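Student: File name protein-v6.pdb; file contents PDB, C-alpha atoms; full text below.
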```
ATOM      1  CA  VAL L  16     -71.968  18.392  24.505
ATOM      2  CA  LEU L  17     -74.111  15.911  22.588
ATOM      3  CA  SER L  18     -76.719  14.236  24.759
ATOM      4  CA  ALA L  19     -77.845  10.665  24.205
ATOM      5  CA  SER L  20     -80.914  11.897  22.372
ATOM      6  CA  ASP L  21     -78.805  14.260  20.207
ATOM      7  CA  LYS L  22     -76.652  11.295  19.178
ATOM      8  CA  ALA L  23     -79.735   9.199  18.421
ATOM      9  CA  ASN L  24     -81.222  12.037  16.357
ATOM     10  CA  VAL L  25     -78.001  12.460  14.375
ATOM     11  CA  LYS L  26     -77.733   8.747  13.657
ATOM     12  CA  ALA L  27     -81.368   8.689  12.549
ATOM     13  CA  VAL L  28     -80.833  11.600  10.158
ATOM     14  CA  PHE L  29     -77.868   9.977   8.487
ATOM     15  CA  ALA L  30     -79.618   6.614   8.345
ATOM     16  CA  LYS L  31     -82.516   8.290   6.540
ATOM     17  CA  ILE L  32     -80.214  10.212   4.189
ATOM     18  CA  GLY L  33     -78.367   6.991   3.412
ATOM     19  CA  GLY L  34     -76.878   6.847  -0.069
ATOM     20  CA  GLN L  35     -77.982  10.401  -0.859
ATOM     21  CA  ALA L  36     -75.273  11.759   1.429
ATOM     22  CA  GLU L  37     -72.933  12.368  -1.506
ATOM     23  CA  GLU L  38     -75.595  14.343  -3.344
ATOM     24  CA  TYR L  39     -76.316  16.323  -0.190
ATOM     25  CA  GLY L  40     -72.597  17.069   0.150
ATOM     26  CA  ALA L  41     -72.388  18.439  -3.372
ATOM     27  CA  GLU L  42     -75.513  20.535  -2.951
ATOM     28  CA  THR L  43     -74.220  21.862   0.372
ATOM     29  CA  LEU L  44     -71.099  23.141  -1.332
ATOM     30  CA  GLU L  45     -73.057  24.573  -4.253
ATOM     31  CA  ARG L  46     -75.274  26.492  -1.831
ATOM     32  CA  MET L  47     -72.308  27.620   0.239
ATOM     33  CA  PHE L  48     -70.468  29.041  -2.777
ATOM     34  CA  ALA L  49     -73.642  30.808  -3.968
ATOM     35  CA  THR L  50     -74.626  32.181  -0.580
ATOM     36  CA  TYR L  51     -71.197  32.973   0.890
ATOM     37  CA  PRO L  52     -68.955  33.852  -2.066
ATOM     38  CA  GLN L  53     -65.970  34.397   0.245
ATOM     39  CA  THR L  54     -65.858  30.613   0.725
ATOM     40  CA  LYS L  55     -64.820  30.283  -2.910
ATOM     41  CA  THR L  56     -61.429  31.731  -1.993
ATOM     42  CA  TYR L  57     -60.435  28.299  -0.711
ATOM     43  CA  PHE L  58     -61.025  26.762  -4.137
ATOM     44  CA  PRO L  59     -59.174  28.878  -6.714
ATOM     45  CA  HIS L  60     -58.059  25.645  -8.350
ATOM     46  CA  PHE L  61     -61.613  24.378  -8.838
ATOM     47  CA  ASP L  62     -64.157  24.878 -11.561
ATOM     48  CA  LEU L  63     -67.060  26.142  -9.469
ATOM     49  CA  GLY L  64     -69.560  26.350 -12.308
ATOM     50  CA  LYS L  65     -72.898  24.581 -12.205
ATOM     51  CA  GLY L  66     -72.579  20.800 -12.309
ATOM     52  CA  SER L  67     -68.844  20.910 -11.709
ATOM     53  CA  ALA L  68     -67.368  17.448 -11.364
ATOM     54  CA  GLN L  69     -64.806  18.826  -8.907
ATOM     55  CA  VAL L  70     -67.531  20.234  -6.653
ATOM     56  CA  LYS L  71     -69.411  16.938  -6.838
ATOM     57  CA  GLY L  72     -66.233  15.049  -5.959
ATOM     58  CA  HIS L  73     -65.446  17.345  -3.082
ATOM     59  CA  GLY L  74     -69.028  17.234  -1.852
ATOM     60  CA  LYS L  75     -68.692  13.461  -1.700
ATOM     61  CA  LYS L  76     -65.611  13.816   0.533
ATOM     62  CA  VAL L  77     -67.319  16.301   2.833
ATOM     63  CA  ALA L  78     -70.378  14.047   3.112
ATOM     64  CA  ALA L  79     -68.207  11.013   3.837
ATOM     65  CA  ALA L  80     -66.567  12.874   6.707
ATOM     66  CA  LEU L  81     -69.951  13.836   8.178
ATOM     67  CA  VAL L  82     -71.155  10.236   7.843
ATOM     68  CA  GLU L  83     -67.978   9.007   9.536
ATOM     69  CA  ALA L  84     -68.491  11.478  12.373
ATOM     70  CA  ALA L  85     -72.118  10.370  12.746
ATOM     71  CA  ASN L  86     -71.065   6.719  12.802
ATOM     72  CA  HIS L  87     -68.576   7.511  15.564
ATOM     73  CA  VAL L  88     -70.616  10.137  17.313
ATOM     74  CA  ASP L  89     -69.244   9.051  20.695
ATOM     75  CA  ASP L  90     -65.740   9.972  19.579
ATOM     76  CA  ILE L  91     -65.871  12.537  16.789
ATOM     77  CA  ALA L  92     -62.385  13.784  17.660
ATOM     78  CA  GLY L  93     -60.975  10.294  17.227
ATOM     79  CA  ALA L  94     -62.864   9.641  14.016
ATOM     80  CA  LEU L  95     -61.783  12.928  12.426
ATOM     81  CA  SER L  96     -58.288  13.157  13.902
ATOM     82  CA  LYS L  97     -56.484  12.922  10.569
ATOM     83  CA  LEU L  98     -58.863  15.424   8.981
ATOM     84  CA  SER L  99     -58.268  17.714  11.910
ATOM     85  CA  ASP L 100     -54.492  17.509  11.318
ATOM     86  CA  LEU L 101     -55.040  18.247   7.629
ATOM     87  CA  HIS L 102     -57.114  21.341   8.337
ATOM     88  CA  ALA L 103     -54.600  22.634  10.890
ATOM     89  CA  GLN L 104     -51.438  22.022   8.907
ATOM     90  CA  LYS L 105     -52.417  22.340   5.304
ATOM     91  CA  LEU L 106     -55.903  23.671   4.622
ATOM     92  CA  ARG L 107     -56.175  26.249   7.423
ATOM     93  CA  VAL L 108     -59.756  27.139   6.582
ATOM     94  CA  ASP L 109     -60.773  30.017   8.845
ATOM     95  CA  PRO L 110     -62.999  28.702  11.638
ATOM     96  CA  VAL L 111     -65.939  30.979  10.723
ATOM     97  CA  ASN L 112     -66.489  28.987   7.553
ATOM     98  CA  PHE L 113     -67.530  25.773   9.293
ATOM     99  CA  LYS L 114     -70.672  27.521  10.529
ATOM    100  CA  LEU L 115     -71.457  28.587   6.976
ATOM    101  CA  LEU L 116     -71.080  25.024   5.681
ATOM    102  CA  GLY L 117     -73.217  23.801   8.571
ATOM    103  CA  GLN L 118     -76.002  26.256   7.756
ATOM    104  CA  CYS L 119     -76.040  25.109   4.137
ATOM    105  CA  PHE L 120     -76.130  21.447   5.144
ATOM    106  CA  LEU L 121     -79.146  22.179   7.359
ATOM    107  CA  VAL L 122     -80.839  23.933   4.438
ATOM    108  CA  VAL L 123     -80.198  20.917   2.192
ATOM    109  CA  VAL L 124     -81.654  18.514   4.753
ATOM    110  CA  ALA L 125     -84.623  20.841   5.314
ATOM    111  CA  SER L 126     -85.385  21.241   1.635
ATOM    112  CA  HIS L 127     -85.152  17.521   0.831
ATOM    113  CA  ASN L 128     -86.662  16.173   4.056
ATOM    114  CA  PRO L 129     -88.774  18.745   5.885
ATOM    115  CA  ALA L 130     -90.541  16.078   7.928
ATOM    116  CA  LEU L 131     -87.217  14.728   9.156
ATOM    117  CA  LEU L 132     -86.031  18.081  10.487
ATOM    118  CA  THR L 133     -88.274  18.503  13.511
ATOM    119  CA  PRO L 134     -87.197  21.273  15.916
ATOM    120  CA  GLU L 135     -85.532  18.702  18.184
ATOM    121  CA  VAL L 136     -83.650  17.089  15.302
ATOM    122  CA  HIS L 137     -82.729  20.531  13.977
ATOM    123  CA  ALA L 138     -81.187  21.346  17.358
ATOM    124  CA  SER L 139     -79.287  18.043  17.517
ATOM    125  CA  LEU L 140     -78.001  18.324  13.962
ATOM    126  CA  ASP L 141     -76.896  21.922  14.505
ATOM    127  CA  LYS L 142     -75.032  20.848  17.654
ATOM    128  CA  PHE L 143     -73.435  17.959  15.776
ATOM    129  CA  LEU L 144     -72.267  20.204  12.936
ATOM    130  CA  CYS L 145     -70.810  22.648  15.485
ATOM    131  CA  ALA L 146     -69.012  19.761  17.176
ATOM    132  CA  VAL L 147     -67.530  18.666  13.837
ATOM    133  CA  GLY L 148     -66.339  22.228  13.155
ATOM    134  CA  THR L 149     -64.812  22.423  16.615
ATOM    135  CA  VAL L 150     -62.925  19.156  16.096
ATOM    136  CA  LEU L 151     -61.620  20.237  12.691
ATOM    137  CA  THR L 152     -60.252  23.511  14.089
ATOM    138  CA  ALA L 153     -59.097  22.135  17.445
ATOM    139  CA  LYS L 154     -55.438  21.828  16.489
ATOM    140  CA  TYR L 155     -55.157  25.219  14.795
ATOM    141  CA  ARG L 156     -53.071  26.676  17.622
TER     142      ARG L 156
ATOM    143  CA  MET E   7     -77.161  51.437   0.725
ATOM    144  CA  VAL E   8     -77.747  47.829  -0.255
ATOM    145  CA  HIS E   9     -78.263  47.093  -3.910
ATOM    146  CA  TRP E  10     -80.891  44.571  -4.947
ATOM    147  CA  THR E  11     -80.965  43.132  -8.458
ATOM    148  CA  ALA E  12     -84.275  42.617 -10.209
ATOM    149  CA  GLU E  13     -83.781  38.871  -9.803
ATOM    150  CA  GLU E  14     -83.241  39.202  -6.053
ATOM    151  CA  LYS E  15     -86.357  41.339  -5.670
ATOM    152  CA  GLN E  16     -88.306  38.743  -7.626
ATOM    153  CA  LEU E  17     -86.998  35.875  -5.479
ATOM    154  CA  ILE E  18     -87.900  37.774  -2.317
ATOM    155  CA  ALA E  19     -91.394  38.685  -3.526
ATOM    156  CA  SER E  20     -92.250  35.251  -4.856
ATOM    157  CA  VAL E  21     -91.267  33.513  -1.616
ATOM    158  CA  TRP E  22     -92.894  36.107   0.612
ATOM    159  CA  GLY E  23     -96.130  35.941  -1.367
ATOM    160  CA  LYS E  24     -96.523  32.297  -0.430
ATOM    161  CA  VAL E  25     -95.538  32.561   3.238
ATOM    162  CA  SER E  26     -98.019  32.466   6.100
ATOM    163  CA  VAL E  27     -96.569  35.153   8.346
ATOM    164  CA  GLU E  28     -98.332  33.689  11.373
ATOM    165  CA  GLU E  29     -97.208  30.084  10.846
ATOM    166  CA  CYS E  30     -93.732  30.890   9.654
ATOM    167  CA  GLY E  31     -93.133  33.453  12.394
ATOM    168  CA  ALA E  32     -94.273  31.077  15.110
ATOM    169  CA  GLU E  33     -92.142  28.284  13.680
ATOM    170  CA  ALA E  34     -89.040  30.444  13.357
ATOM    171  CA  LEU E  35     -89.229  31.857  16.860
ATOM    172  CA  ALA E  36     -89.961  28.451  18.397
ATOM    173  CA  ARG E  37     -86.989  26.922  16.602
ATOM    174  CA  LEU E  38     -84.756  29.802  17.724
ATOM    175  CA  LEU E  39     -85.680  29.099  21.346
ATOM    176  CA  ILE E  40     -85.209  25.339  20.879
ATOM    177  CA  VAL E  41     -82.051  25.257  18.769
ATOM    178  CA  TYR E  42     -80.327  28.093  20.668
ATOM    179  CA  PRO E  43     -81.836  27.771  24.138
ATOM    180  CA  TRP E  44     -79.833  30.674  25.543
ATOM    181  CA  THR E  45     -82.089  32.955  23.491
ATOM    182  CA  GLN E  46     -84.829  32.112  26.006
ATOM    183  CA  ARG E  47     -83.159  34.662  28.294
ATOM    184  CA  PHE E  48     -85.238  37.409  26.705
ATOM    185  CA  PHE E  49     -88.532  35.701  27.354
ATOM    186  CA  ASP E  50     -88.766  35.057  31.100
ATOM    187  CA  ASN E  51     -92.341  36.292  31.079
ATOM    188  CA  PHE E  52     -93.488  33.907  28.354
ATOM    189  CA  GLY E  53     -94.430  31.148  30.747
ATOM    190  CA  ASN E  54     -93.659  27.532  29.949
ATOM    191  CA  LEU E  55     -90.552  27.106  27.777
ATOM    192  CA  SER E  56     -89.451  23.909  29.493
ATOM    193  CA  SER E  57     -89.472  21.615  26.457
ATOM    194  CA  PRO E  58     -89.685  21.779  22.659
ATOM    195  CA  THR E  59     -93.341  20.730  22.892
ATOM    196  CA  ALA E  60     -94.053  23.458  25.449
ATOM    197  CA  ILE E  61     -92.284  26.057  23.317
ATOM    198  CA  ILE E  62     -94.073  25.089  20.113
ATOM    199  CA  GLY E  63     -97.477  25.163  21.847
ATOM    200  CA  ASN E  64     -96.805  28.345  23.792
ATOM    201  CA  PRO E  65     -99.304  31.021  22.661
ATOM    202  CA  LYS E  66     -96.943  33.889  23.572
ATOM    203  CA  VAL E  67     -94.252  32.373  21.384
ATOM    204  CA  ARG E  68     -96.699  32.093  18.495
ATOM    205  CA  ALA E  69     -97.930  35.642  18.953
ATOM    206  CA  HIS E  70     -94.462  37.084  19.223
ATOM    207  CA  GLY E  71     -93.246  35.088  16.249
ATOM    208  CA  LYS E  72     -96.068  36.546  14.187
ATOM    209  CA  LYS E  73     -95.151  40.050  15.375
ATOM    210  CA  VAL E  74     -91.500  39.594  14.442
ATOM    211  CA  LEU E  75     -92.246  38.244  10.994
ATOM    212  CA  THR E  76     -94.858  40.915  10.327
ATOM    213  CA  SER E  77     -92.139  43.456  10.963
ATOM    214  CA  PHE E  78     -89.954  41.551   8.518
ATOM    215  CA  GLY E  79     -92.694  42.134   5.960
ATOM    216  CA  GLU E  80     -92.206  45.863   6.456
ATOM    217  CA  ALA E  81     -88.554  45.447   5.573
ATOM    218  CA  ILE E  82     -89.528  43.702   2.359
ATOM    219  CA  LYS E  83     -91.737  46.642   1.413
ATOM    220  CA  ASN E  84     -88.833  49.013   2.050
ATOM    221  CA  LEU E  85     -85.807  47.214   0.666
ATOM    222  CA  ASP E  86     -84.256  50.497  -0.400
ATOM    223  CA  ASN E  87     -84.398  52.052   3.037
ATOM    224  CA  LEU E  88     -83.910  49.350   5.638
ATOM    225  CA  LYS E  89     -81.897  51.484   8.040
ATOM    226  CA  GLY E  90     -84.614  54.132   8.072
ATOM    227  CA  THR E  91     -87.396  51.583   8.372
ATOM    228  CA  TYR E  92     -85.748  49.918  11.371
ATOM    229  CA  SER E  93     -84.300  52.999  13.054
ATOM    230  CA  LYS E  94     -86.779  53.111  15.941
ATOM    231  CA  LEU E  95     -86.849  49.313  16.329
ATOM    232  CA  SER E  96     -83.069  49.324  16.473
ATOM    233  CA  GLU E  97     -83.076  51.871  19.290
ATOM    234  CA  LEU E  98     -85.711  49.849  21.104
ATOM    235  CA  HIS E  99     -83.716  46.603  20.881
ATOM    236  CA  CYS E 100     -80.642  48.387  22.200
ATOM    237  CA  GLU E 101     -81.992  50.695  24.857
ATOM    238  CA  LYS E 102     -85.026  48.876  26.191
ATOM    239  CA  LEU E 103     -84.716  45.219  25.203
ATOM    240  CA  HIS E 104     -80.907  44.891  25.467
ATOM    241  CA  VAL E 105     -80.719  42.231  22.773
ATOM    242  CA  ASP E 106     -77.271  41.259  21.497
ATOM    243  CA  PRO E 107     -77.416  41.738  17.694
ATOM    244  CA  GLU E 108     -75.955  38.275  17.265
ATOM    245  CA  ASN E 109     -79.474  37.060  18.036
ATOM    246  CA  PHE E 110     -80.778  38.732  14.879
ATOM    247  CA  ARG E 111     -78.287  36.703  12.851
ATOM    248  CA  LEU E 112     -79.322  33.502  14.610
ATOM    249  CA  LEU E 113     -83.001  34.169  13.904
ATOM    250  CA  GLY E 114     -82.182  34.974  10.292
ATOM    251  CA  ASP E 115     -80.437  31.626   9.820
ATOM    252  CA  ILE E 116     -83.356  29.809  11.437
ATOM    253  CA  LEU E 117     -85.813  31.614   9.155
ATOM    254  CA  VAL E 118     -83.868  30.453   6.108
ATOM    255  CA  VAL E 119     -84.032  26.826   7.315
ATOM    256  CA  VAL E 120     -87.791  27.170   7.921
ATOM    257  CA  LEU E 121     -88.267  28.542   4.401
ATOM    258  CA  ALA E 122     -86.187  25.684   2.983
ATOM    259  CA  ALA E 123     -88.375  23.149   4.779
ATOM    260  CA  HIS E 124     -91.474  24.890   3.483
ATOM    261  CA  PHE E 125     -90.433  25.369  -0.131
ATOM    262  CA  GLY E 126     -88.318  22.250  -0.650
ATOM    263  CA  LYS E 127     -86.689  22.035  -4.072
ATOM    264  CA  ASP E 128     -88.123  25.464  -4.990
ATOM    265  CA  PHE E 129     -85.778  26.992  -2.436
ATOM    266  CA  SER E 130     -82.958  27.018  -4.937
ATOM    267  CA  PRO E 131     -79.377  28.004  -4.142
ATOM    268  CA  ALA E 132     -80.070  31.423  -5.724
ATOM    269  CA  CYS E 133     -83.139  31.754  -3.545
ATOM    270  CA  GLN E 134     -81.190  30.827  -0.430
ATOM    271  CA  ALA E 135     -78.412  33.263  -1.330
ATOM    272  CA  THR E 136     -80.941  36.089  -1.741
ATOM    273  CA  TRP E 137     -82.693  35.323   1.513
ATOM    274  CA  GLN E 138     -79.459  34.943   3.493
ATOM    275  CA  LYS E 139     -78.494  38.348   2.090
ATOM    276  CA  LEU E 140     -81.877  39.755   3.160
ATOM    277  CA  VAL E 141     -81.747  38.389   6.700
ATOM    278  CA  GLY E 142     -78.179  39.642   7.007
ATOM    279  CA  VAL E 143     -79.137  43.109   5.889
ATOM    280  CA  VAL E 144     -82.148  43.157   8.239
ATOM    281  CA  ALA E 145     -79.916  42.075  11.132
ATOM    282  CA  HIS E 146     -77.461  44.821  10.229
ATOM    283  CA  ALA E 147     -80.216  47.444  10.083
ATOM    284  CA  LEU E 148     -81.547  46.344  13.469
ATOM    285  CA  ALA E 149     -78.081  46.672  14.951
ATOM    286  CA  HIS E 150     -77.389  50.019  13.310
ATOM    287  CA  LYS E 151     -78.565  52.292  16.115
ATOM    288  CA  TYR E 152     -76.763  50.382  18.861
ATOM    289  CA  HIS E 153     -74.510  52.418  21.092
TER     290      HIS E 153
END
```
Reformat the file's structure so that it appears as structure tokens.
Tutor:
Amino acid sequence: VLSASDKANVKAVFAKIGGQAEEYGAETLERMFATYPQTKTYFPHFDLGKGSAQVKGHGKKVAAALVEAANHVDDIAGALSKLSDLHAQKLRVDPVNFKLLGQCFLVVVASHNPALLTPEVHASLDKFLCAVGTVLTAKYR
Amino acid sequence: MVHWTAEEKQLIASVWGKVSVEECGAEALARLLIVYPWTQRFFDNFGNLSSPTAIIGNPKVRAHGKKVLTSFGEAIKNLDNLKGTYSKLSELHCEKLHVDPENFRLLGDILVVVLAAHFGKDFSPACQATWQKLVGVVAHALAHKYH
């Protein structure tokens, strides 16, 4: 459950990230594919090489979803309802993978903005990313 | 046995060479206790863990963080025999400390985030991949003697 201060921390992070969110999304995916090669199995149709336009494009989508969730942090389930349907019916990404994406997003934020990721913010952001993963897998069965 | 490429060994050594074991250890353990508060269950005798500020300033947390990361340094010196290196520690964590091995994975992930914050852009995807592999292998070695 996200407390009031968690929500404030999350909003502050995304406000600070601002227009770089797309770049962060792409880098998150790049790191995820490098660190957890099993995640590549969901993208057999993609060129996953360095600088891939498809990865950049997909990173932009992932970032947009996180931004949307942050902007509607009081109702993440509502904000991501269609995405949740998509993951349940079509994409069916195994739930373990959302943690892996979350870890990589934290690493991206940490490496670009160490001062932003205080322990408290780290906790809030981790909770937020877990909440997003939970929403996206909520309709799986 | 885990295989390490020359590049992976280089990435491990170059990061480790620039790490302050004391600072990094303290930071990692504090963040573990803050980000995953249920991990505080193992540290009832550490005194004040009532807030992030208390945890970060807690001298027992700092000392224990240093101890944990120093032990990690041993792993790095013995990459080709992690199970052997951690055999006794594994038994200890099972039989005396009763620590769920999941906690080793949590600490490993936290350590990677701390390194990313410390090294910034230098903590490349290849570097992260190598270090996530290392923390995973360390966690596995520490869990190996569990029964």
Student: List every protein, DNA or RNA residue that has at least one atom no more than 12 Å from (-85.7, 30.8, 4.9) in the file's coordinates, counting all atoms listed in the file, and write the result as an MDAnalysis selection string.
Tutor: (chainID L and resid 118:119 121:123 125:126) or (chainID E and resid 17:18 21:22 25 30:31 33:34 75 112:126 128:131 133:142)
Student: Can you measure CA of Thr152 (chain L) to CA of Phe120 (chain L) for me? One decimal in Å is fine.
Tutor: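 These two atoms are separated by 18.3 Å.
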Student: Compare E:Lys127, E:Lys15, E:Lys24, E:Arg68 by their minimum atom-to-atom distance to Arg37 (chain E), counting only C-alpha atoms, and give me the closest one.
Tutor: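 Ranking E:Lys127, E:Lys15, E:Lys24, E:Arg68 by distance to Arg37 (chain E), first place goes to E:Arg68.
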Student: If we count all atoms listed in the file and set the cut-off at 10 Å, which residues sit around Leu85 (chain E), ignoring sequence neighbours fewer than 2 positions away in its own chain? Please answer as a PDB file with C-alpha atoms, keeping the file's coordinate frame.
Tutor:
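Everything below was put into selection25.pdb:
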```pdb
ATOM      1  CA  MET E   7     -77.161  51.437   0.725  1.00  0.00           C
ATOM      2  CA  VAL E   8     -77.747  47.829  -0.255  1.00  0.00           C
ATOM      3  CA  HIS E   9     -78.263  47.093  -3.910  1.00  0.00           C
ATOM      4  CA  TRP E  10     -80.891  44.571  -4.947  1.00  0.00           C
ATOM      5  CA  LYS E  15     -86.357  41.339  -5.670  1.00  0.00           C
ATOM      6  CA  GLU E  80     -92.206  45.863   6.456  1.00  0.00           C
ATOM      7  CA  ALA E  81     -88.554  45.447   5.573  1.00  0.00           C
ATOM      8  CA  ILE E  82     -89.528  43.702   2.359  1.00  0.00           C
ATOM      9  CA  LYS E  83     -91.737  46.642   1.413  1.00  0.00           C
ATOM     10  CA  ASN E  87     -84.398  52.052   3.037  1.00  0.00           C
ATOM     11  CA  LEU E  88     -83.910  49.350   5.638  1.00  0.00           C
ATOM     12  CA  LYS E  89     -81.897  51.484   8.040  1.00  0.00           C
ATOM     13  CA  THR E  91     -87.396  51.583   8.372  1.00  0.00           C
ATOM     14  CA  LEU E 140     -81.877  39.755   3.160  1.00  0.00           C
ATOM     15  CA  VAL E 143     -79.137  43.109   5.889  1.00  0.00           C
ATOM     16  CA  VAL E 144     -82.148  43.157   8.239  1.00  0.00           C
TER      17      VAL E 144
END
```
Student: Select, from L:Lys105, L:His127, L:Lys114, L:Lys76, the residue with the minimum atom-to-atom distance to Lys142 (chain L), counting only C-alpha atoms.
Tutor: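 When distances to Lys142 (chain L) are compared using only C-alpha atoms, the smallest one comes from L:Lys114.
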Student: Mind giving me the straight-line distance from CA of His99 (chain E) to CA of Ala149 (chain E) in Å, one decimal?
Tutor: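 For CA of His99 (chain E) relative to CA of Ala149 (chain E), the distance reads 8.2 Å.
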Student: Within 8 Å of Ser99 (chain L), counting all atoms listed in the file, which residues show up once you throw out same-chain ones fewer than 5 positions away? Write them as a PDB file with C-alpha atoms, in the frame of the given file, please.
Tutor:
```pdb
ATOM      1  CA  VAL L 150     -62.925  19.156  16.096  1.00  0.00           C
ATOM      2  CA  LEU L 151     -61.620  20.237  12.691  1.00  0.00           C
ATOM      3  CA  THR L 152     -60.252  23.511  14.089  1.00  0.00           C
ATOM      4  CA  ALA L 153     -59.097  22.135  17.445  1.00  0.00           C
ATOM      5  CA  LYS L 154     -55.438  21.828  16.489  1.00  0.00           C
TER       6      LYS L 154
END
```
Student: Starting from the displayed file, determine the output of the PyMOL selection byres ((chain L and resi 78-95) around 6) and express the residue list as a list in words.
Tutor: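 For this structure, the PyMOL selection byres ((chain L and resi 78-95) around 6) resolves to Lys26, Ala36, Glu37, Gly40, Lys75, Lys76, Val77, Ser96, Lys97, Leu98, Ser99 and Val150 of chain L.
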Student: So how many Å separate CA of Ser20 (chain L) and CA of Glu42 (chain L), to one decimal?
Tutor: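 Distance between the two atoms: 27.3 Å.
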Student: Looking at all atoms listed in the file, which of E:Val27, E:Val105, E:Ala19, E:Ala36 is the one that sits closest to Ala145 (chain E)?
Tutor: E:Val105
